[in-house]
Each structure stands twice: as structure tokens, then as C-alpha cells.
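Note: the block below is run20.cif and it holds mmCIF, C-alpha atoms.
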```cif
data_run
#
loop_
_atom_site.label_atom_id
_atom_site.label_comp_id
_atom_site.auth_asym_id
_atom_site.auth_seq_id
_atom_site.Cartn_x
_atom_site.Cartn_y
_atom_site.Cartn_z
CA MET A 1 32.91 2.18 -4.03
CA GLY A 2 33.53 1.98 -0.32
CA ALA A 3 30.09 0.51 0.46
CA SER A 4 29.24 -2.65 2.30
CA PRO A 5 26.27 -4.76 1.18
CA ASP A 6 22.94 -4.24 2.94
CA SER A 7 21.31 -7.35 4.39
CA LYS A 8 18.89 -7.35 1.45
CA LEU A 9 21.59 -7.24 -1.23
CA THR A 10 23.85 -9.97 -2.58
CA ASP A 11 27.48 -9.58 -3.56
CA THR A 12 26.54 -9.72 -7.25
CA VAL A 13 25.57 -6.02 -7.29
CA GLU A 14 28.64 -4.60 -5.60
CA HIS A 15 29.70 -2.86 -8.81
CA GLU A 16 26.31 -1.34 -9.59
CA GLU A 17 25.89 2.43 -9.69
CA LEU A 18 24.50 3.69 -6.38
CA LEU A 19 22.19 6.59 -5.51
CA THR A 20 21.62 8.43 -2.26
CA VAL A 21 18.24 8.24 -0.56
CA GLY A 22 17.72 11.91 -1.44
CA GLU A 23 18.35 11.23 -5.14
CA VAL A 24 15.85 8.37 -5.09
CA THR A 25 13.16 10.49 -3.44
CA GLY A 26 13.60 13.01 -6.24
CA LEU A 27 13.35 10.36 -8.96
CA LEU A 28 10.29 8.64 -7.49
CA GLY A 29 8.57 11.71 -6.09
CA VAL A 30 8.05 10.12 -2.67
CA SER A 31 9.30 10.76 0.87
CA ARG A 32 12.45 9.40 2.48
CA THR A 33 10.23 7.25 4.71
CA SER A 34 8.66 5.61 1.66
CA VAL A 35 12.07 4.90 0.16
CA GLN A 36 13.14 3.27 3.43
CA LYS A 37 9.98 1.14 3.41
CA MET A 38 10.64 0.05 -0.18
CA VAL A 39 14.15 -1.02 0.82
CA ASP A 40 12.93 -2.84 3.92
CA SER A 41 10.27 -4.71 1.93
CA GLY A 42 12.74 -5.64 -0.84
CA VAL A 43 11.24 -3.43 -3.57
CA LEU A 44 14.53 -1.49 -3.82
CA LEU A 45 18.02 -2.92 -3.35
CA ALA A 46 20.45 -1.06 -1.10
CA MET A 47 23.97 -1.07 0.33
CA ARG A 48 25.48 0.71 3.34
CA THR A 49 28.66 2.78 3.34
CA PRO A 50 31.25 2.21 6.10
CA GLY A 51 29.74 5.27 7.80
CA GLY A 52 26.32 3.62 7.87
CA HIS A 53 24.70 5.64 5.08
CA ARG A 54 22.29 3.78 2.83
CA ARG A 55 22.87 3.77 -0.93
CA ILE A 56 20.24 2.52 -3.38
CA VAL A 57 21.12 0.42 -6.44
CA ARG A 58 20.22 2.49 -9.51
CA SER A 59 19.07 -0.53 -11.56
CA SER A 60 16.38 -1.36 -8.98
CA VAL A 61 15.11 2.23 -9.14
CA GLN A 62 15.07 2.07 -12.94
CA ALA A 63 13.17 -1.22 -12.80
CA LEU A 64 10.57 0.44 -10.58
CA LEU A 65 10.32 3.48 -12.83
CA SER A 66 9.96 1.38 -15.98
CA GLY A 67 6.84 -0.25 -14.61
CA GLN A 68 5.36 2.70 -12.71
CA LEU A 69 6.60 5.80 -14.53
CA GLN A 70 3.09 7.16 -15.02
CA LEU A 71 2.70 7.39 -11.23
CA VAL A 72 5.89 9.23 -10.41
CA PRO A 73 5.64 12.77 -11.65
CA GLY A 74 2.24 14.33 -11.73
CA ALA A 75 -0.11 15.37 -9.04
CA ALA A 76 -1.60 13.17 -6.39
CA PRO A 77 -5.16 12.02 -6.92
CA PRO A 78 -7.62 14.65 -5.77
CA PRO A 79 -8.65 14.05 -2.18
CA ALA A 80 -12.04 12.51 -1.57
CA PRO A 81 -14.68 14.61 0.17
CA SER A 82 -14.28 14.51 3.92
CA SER A 83 -17.54 12.57 4.25
CA SER A 84 -16.33 9.80 1.94
CA MET A 85 -14.60 6.67 3.14
CA THR A 86 -11.53 5.95 0.99
CA VAL A 87 -10.51 2.45 -0.04
CA LEU A 88 -7.38 1.25 -1.83
CA ILE A 89 -7.96 -2.06 -3.63
CA VAL A 90 -4.87 -3.95 -4.80
CA GLU A 91 -5.76 -6.57 -7.40
CA ASP A 92 -3.92 -7.68 -10.56
CA SER A 93 -6.91 -9.29 -12.27
CA PRO A 94 -8.79 -6.84 -14.54
CA THR A 95 -11.90 -9.02 -14.28
CA THR A 96 -11.89 -8.95 -10.48
CA THR A 97 -11.16 -5.21 -10.48
CA LEU A 98 -14.18 -4.64 -12.71
CA SER A 99 -16.28 -6.75 -10.33
CA TYR A 100 -15.16 -4.60 -7.39
CA GLN A 101 -16.26 -1.51 -9.29
CA LYS A 102 -19.67 -2.98 -10.11
CA VAL A 103 -20.30 -4.19 -6.57
CA LEU A 104 -19.28 -0.91 -4.96
CA ARG A 105 -21.66 0.98 -7.22
CA ARG A 106 -24.47 -0.86 -5.43
CA SER A 107 -23.71 1.00 -2.22
CA THR A 108 -25.66 4.15 -1.36
CA LEU A 109 -22.94 5.23 1.08
CA PRO A 110 -20.07 7.60 0.15
CA ILE A 111 -17.20 5.23 -0.66
CA SER A 112 -14.31 6.48 -2.80
CA CYS A 113 -11.96 3.89 -4.34
CA GLU A 114 -8.46 3.81 -5.78
CA PHE A 115 -7.01 0.75 -7.49
CA ALA A 116 -3.48 -0.66 -7.78
CA THR A 117 -2.25 -3.76 -9.59
CA ASP A 118 0.63 -4.79 -7.30
CA GLY A 119 2.47 -3.89 -4.11
CA ILE A 120 4.78 -1.34 -5.73
CA GLU A 121 1.94 0.72 -7.16
CA ALA A 122 0.08 0.39 -3.85
CA LEU A 123 3.05 1.72 -1.85
CA LEU A 124 3.37 4.71 -4.17
CA LYS A 125 -0.34 5.48 -3.83
CA LEU A 126 -0.17 5.08 -0.06
CA GLU A 127 2.46 7.83 -0.08
CA ARG A 128 -0.01 10.17 -1.78
CA PHE A 129 -3.13 9.47 0.26
CA ARG A 130 -4.14 7.61 3.39
CA PRO A 131 -7.14 5.34 2.76
CA ASP A 132 -9.45 4.21 5.52
CA VAL A 133 -9.37 0.62 4.22
CA LEU A 134 -6.81 -1.44 2.31
CA ILE A 135 -8.02 -4.53 0.40
CA THR A 136 -5.33 -6.63 -1.25
CA ASP A 137 -4.78 -9.88 -3.06
CA LEU A 138 -1.71 -11.91 -2.06
CA GLN A 139 -0.50 -13.41 -5.35
CA MET A 140 0.85 -10.52 -7.44
CA GLU A 141 4.06 -9.67 -9.27
CA PRO A 142 6.60 -8.20 -8.82
CA VAL A 143 5.69 -7.30 -5.21
CA ASP A 144 3.06 -9.55 -3.65
CA GLY A 145 0.50 -8.91 -0.95
CA PHE A 146 2.65 -10.46 1.79
CA ARG A 147 5.35 -7.85 1.27
CA LEU A 148 2.78 -5.07 0.95
CA VAL A 149 1.11 -6.03 4.25
CA ALA A 150 4.52 -6.26 5.93
CA ALA A 151 5.42 -2.74 4.75
CA VAL A 152 2.08 -1.40 6.00
CA GLN A 153 2.51 -3.09 9.37
CA ASN A 154 5.95 -1.49 9.75
CA ASP A 155 4.47 2.01 9.34
CA ALA A 156 2.87 3.26 12.56
CA GLU A 157 0.38 5.47 10.70
CA LEU A 158 -0.60 3.04 7.95
CA ALA A 159 -0.96 0.14 10.38
CA LEU A 160 -3.98 1.88 11.92
CA MET A 161 -6.13 1.53 8.79
CA ALA A 162 -8.41 -1.47 8.30
CA GLN A 163 -6.63 -4.17 6.30
CA VAL A 164 -8.37 -6.92 4.34
CA VAL A 165 -6.80 -9.77 2.38
CA VAL A 166 -8.79 -11.58 -0.30
CA THR A 167 -6.99 -14.67 -1.61
CA GLY A 168 -7.36 -18.14 -3.02
CA LEU A 169 -4.43 -19.46 -0.96
CA ASP A 170 -5.21 -21.98 1.77
CA ASP A 171 -4.10 -21.74 5.39
CA ASP A 172 -1.07 -23.99 4.89
CA GLU A 173 0.27 -21.95 1.98
CA ILE A 174 -0.28 -18.68 3.83
CA ALA A 175 1.56 -20.05 6.86
CA ARG A 176 4.39 -21.37 4.67
CA ARG A 177 4.90 -17.89 3.26
CA GLY A 178 5.07 -16.22 6.65
CA GLY A 179 1.43 -15.87 7.66
CA LEU A 180 -0.63 -12.73 8.18
CA PRO A 181 -0.80 -10.37 11.16
CA PRO A 182 -3.75 -10.94 13.52
CA ASN A 183 -5.29 -7.55 12.72
CA VAL A 184 -5.75 -8.45 9.02
CA LEU A 185 -9.21 -9.69 8.02
CA LEU A 186 -9.06 -12.68 5.65
CA TYR A 187 -11.61 -13.57 2.97
CA ARG A 188 -11.30 -16.46 0.53
CA LYS A 189 -11.72 -16.38 -3.23
CA PRO A 190 -14.05 -16.53 -5.02
CA VAL A 191 -14.64 -13.11 -3.52
CA PRO A 192 -17.65 -13.11 -1.13
CA TRP A 193 -19.02 -9.89 -2.57
CA ASP A 194 -21.90 -9.44 -0.12
CA ARG A 195 -19.57 -9.84 2.87
CA VAL A 196 -16.98 -7.45 1.44
CA LEU A 197 -19.62 -4.85 0.66
CA GLY A 198 -21.16 -5.31 4.11
CA PHE A 199 -17.76 -4.80 5.73
CA LEU A 200 -17.13 -1.60 3.76
CA GLU A 201 -20.60 -0.21 4.41
CA ALA A 202 -20.23 -0.85 8.14
CA HIS A 203 -16.97 1.13 8.13
CA ALA A 204 -18.55 3.90 6.05
CA GLN A 205 -21.48 4.15 8.47
CA ARG A 206 -19.10 4.30 11.42
CA ARG A 207 -17.15 7.06 9.70
CA GLN A 208 -20.34 9.06 9.14
CA LEU A 209 -21.30 8.72 12.81
CA LEU A 210 -17.85 9.83 13.94
CA LEU A 211 -17.94 12.85 11.61
CA ALA A 212 -21.44 13.78 12.82
CA ALA A 213 -20.31 13.54 16.44
CA SER A 214 -17.23 15.64 15.69
CA HIS A 215 -19.30 18.33 13.97
CA HIS A 216 -21.76 18.33 16.87
CA ARG A 217 -18.96 18.85 19.39
CA GLY A 218 -17.58 21.65 17.23
CA SER A 219 -20.94 23.42 17.09
CA LEU A 220 -21.33 23.17 20.86
CA LYS A 221 -17.92 24.77 21.38
CA ALA A 222 -18.70 27.50 18.90
CA GLY A 223 -21.99 28.21 20.69
#
```
Turn the structure described in the file into C-alpha cells.
Amino acid sequence: MGASPDSKLTDTVEHEELLTVGEVTGLLGVSRTSVQKMVDSGVLLAMRTPGGHRRIVRSSVQALLSGQLQLVPGAAPPPAPSSSMTVLIVEDSPTTTLSYQKVLRRSTLPISCEFATDGIEALLKLERFRPDVLITDLQMEPVDGFRLVAAVQNDAELALMAQVVVTGLDDDEIARRGGLPPNVLLYRKPVPWDRVLGFLEAHAQRRQLLLAASHHRGSLKAG
């Protein structure tokens, strides 16, 4: 096929059918940047041609589609009102997800939530909207929270959002698996619900103050 293996691909897939980045963006309904991030984080397997062009292994795209097909075509979620703080929560436990929903309903502040069950679904949702806060578990399949956080950190725009990890792993296990960036807030499971809610409400209040200040400046200029 005239392609040399990418650093993330073993020789065992040299005879797989390959797709261009453009073909993959069409199949997944995401941008070229998102495809590159999925390759860099190991979600998609890729090879490089002698000319340096990246080719994606079709079977890895099909594996992604088979688990996330309902997310690929179709419209993006409707945007939250500008006054709402948006949160993406990545958690594979239905019980914990339900608990997040119940706890967040206690807040009187405008907080809009989206949920994902693993890093792949989270990356696809991050392509469609930019939350103010990302909350993620670490132990998920097929793409865990470590790889999700790494992909976020490698994106200059996404890296600016507040990032929170909630996990039952201890410090030694986290370090053994590569650690977490210093700008990621860490909470331990069982989830400290009052602290998580307090953190989100503080961010929502700050957002409201910034919006009010922005509107005030706009009214002064208009006057």
C-alpha cells in the first residue's frame, strides 16, 4: 500500500484498508482536528505514507462507529442559554450518573449538563460544543479518563476549560498510569457531592458576574 506505520500502529495492521483523514471526517461528522486528536490519543489507528500523509485504519473507524453510531449523524445538541454554565460529565456508571443529575437539580443556578459514558463519546461531544467544565472518571472502557484528559490538554482551546477528575484510584496508581496535569482538580470516590456542587456553583456565579460586567460595558458603549 506504500504506507509506513505510524508510531501508534503495529505491523499487524499493515494490510488493513486505509482511509484518508477527509474520508474519516465525513464518516464521523467531526473536524480534521478532532480526527487528529483521536489518532494522537490512540482512539483511531493510523499509518503514514512515504510522503508524510496520514491514513486511518478503516477497522478502527468501524469499531468507533459501532459503539457511537447514534452520535455521528444528526444535529448537535441545542446550545445552552448564554447565561447557563455548561458541564460535560463523563461517567460509565448509570448509578453515579443518576446521582449527578439528582445533586445538580438542587442548584438554583443555571447549570446545563451533558453526559458521556467514555472518552470516545466525550471527544465527539467536545467537537459539538465547548463546555465550561469537564468532569470525568478515570476508569472507563474503551477510552479511559487518562487518555481523554491528555487529548484535552493537547487542544489549546479545550485546555482552557475547568477540568475535574473524580476517581477511586489512589495516588500511586494514578502516578503509575502517567499522572494528571497540575491544572486538573482531583476528587476521590465516593463522590463528595457537596464539594462538587460547591465547585460548580462557584463557577456558575463567576460566569454570571462576568456576563453582567460584559453587558454593563456594552450598555455604556451604546450610550
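In terms of minimum interatomic distance to Arg58 of chain A, A:Leu44 ranks closest within A:Leu180, A:Met140, A:Leu44, A:Leu104, counting all atoms listed in the file.
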Please, which residues in segment 139-180 of chain A fall within 10 Å of segment 185-190 of chain A when counting only C-alpha atoms, and what is the closest atom pair and distance in Å to one decimal for each, ordered by chain then residue number, as JSON lines?
```
{"residue": "A:Ala162", "atom": "CA", "partner": "A:Leu185", "partner_atom": "CA", "distance": 8.3}
{"residue": "A:Gln163", "atom": "CA", "partner": "A:Leu185", "partner_atom": "CA", "distance": 6.3}
{"residue": "A:Val164", "atom": "CA", "partner": "A:Leu185", "partner_atom": "CA", "distance": 4.7}
{"residue": "A:Val165", "atom": "CA", "partner": "A:Leu186", "partner_atom": "CA", "distance": 4.9}
{"residue": "A:Val166", "atom": "CA", "partner": "A:Tyr187", "partner_atom": "CA", "distance": 4.8}
{"residue": "A:Thr167", "atom": "CA", "partner": "A:Arg188", "partner_atom": "CA", "distance": 5.1}
{"residue": "A:Gly168", "atom": "CA", "partner": "A:Lys189", "partner_atom": "CA", "distance": 4.7}
{"residue": "A:Leu169", "atom": "CA", "partner": "A:Arg188", "partner_atom": "CA", "distance": 7.6}
{"residue": "A:Asp170", "atom": "CA", "partner": "A:Arg188", "partner_atom": "CA", "distance": 8.3}
{"residue": "A:Leu180", "atom": "CA", "partner": "A:Leu186", "partner_atom": "CA", "distance": 8.8}
```
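The environment of segment 142-154 of chain A within 7 Å, counting all atoms listed in the file and disregarding residues fewer than 6 places along the same chain, consists of Lys37, Ser41, Val43, Asp118, Gly119, Ile120 and Thr136 of chain A.
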For Thr117 of chain A, the closest of A:Val90, A:Leu98, A:Val133, A:Val30 counting all atoms listed in the file is A:Val90
| message | Starting from the PyMOL selection byres ((chain A and resi 18) around 7), expand the selection into actual residues of this file and give them as a PyMOL selection string. | response | chain A and resi 16-17+19-20+55-58
Resulting file, chosen residues, C-alpha atoms, as a JSON list (two decimals), keeping the file's coordinate frame:
```json
[["chain", "number", "residue", "atom", "x", "y", "z"],
["A", 16, "GLU", "CA", 26.31, -1.34, -9.59],
["A", 17, "GLU", "CA", 25.89, 2.43, -9.69],
["A", 19, "LEU", "CA", 22.19, 6.59, -5.51],
["A", 20, "THR", "CA", 21.62, 8.43, -2.26],
["A", 55, "ARG", "CA", 22.87, 3.77, -0.93],
["A", 56, "ILE", "CA", 20.24, 2.52, -3.38],
["A", 57, "VAL", "CA", 21.12, 0.42, -6.44],
["A", 58, "ARG", "CA", 20.22, 2.49, -9.51]]
```
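Among the candidates A:Ser112, A:Thr95, A:Gln208, A:Ser31, the residue lying nearest to Pro131 of chain A is A:Ser112 (atoms considered: all atoms listed in the file).
Between atom CA of Phe115 of chain A and atom CA of Glu157 of chain A the interatomic distance comes to 20.2 Å.
Atom CA of Thr33 of chain A lies 11.5 Å from atom CA of Ala156 of chain A.
The coordinates place atom CA of Ile135 of chain A at 27.1 Å from atom CA of Ala213 of chain A.
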So that I can see what lies close to Val35 of chain A, please list as a PyMOL selection string the residues with an atom at most 9 Å from it, counting only C-alpha atoms and leaving out residues fewer than 5 positions away in the same chain. chain A and resi 21+24-25+28+30+40+44
Please list as a ChimeraX atom specification every residue within 12 Å of Lys102 of chain A, counting all atoms listed in the file and excluding residues in the same chain fewer than 4 positions away. /A:95-98,106-107,113,193,197
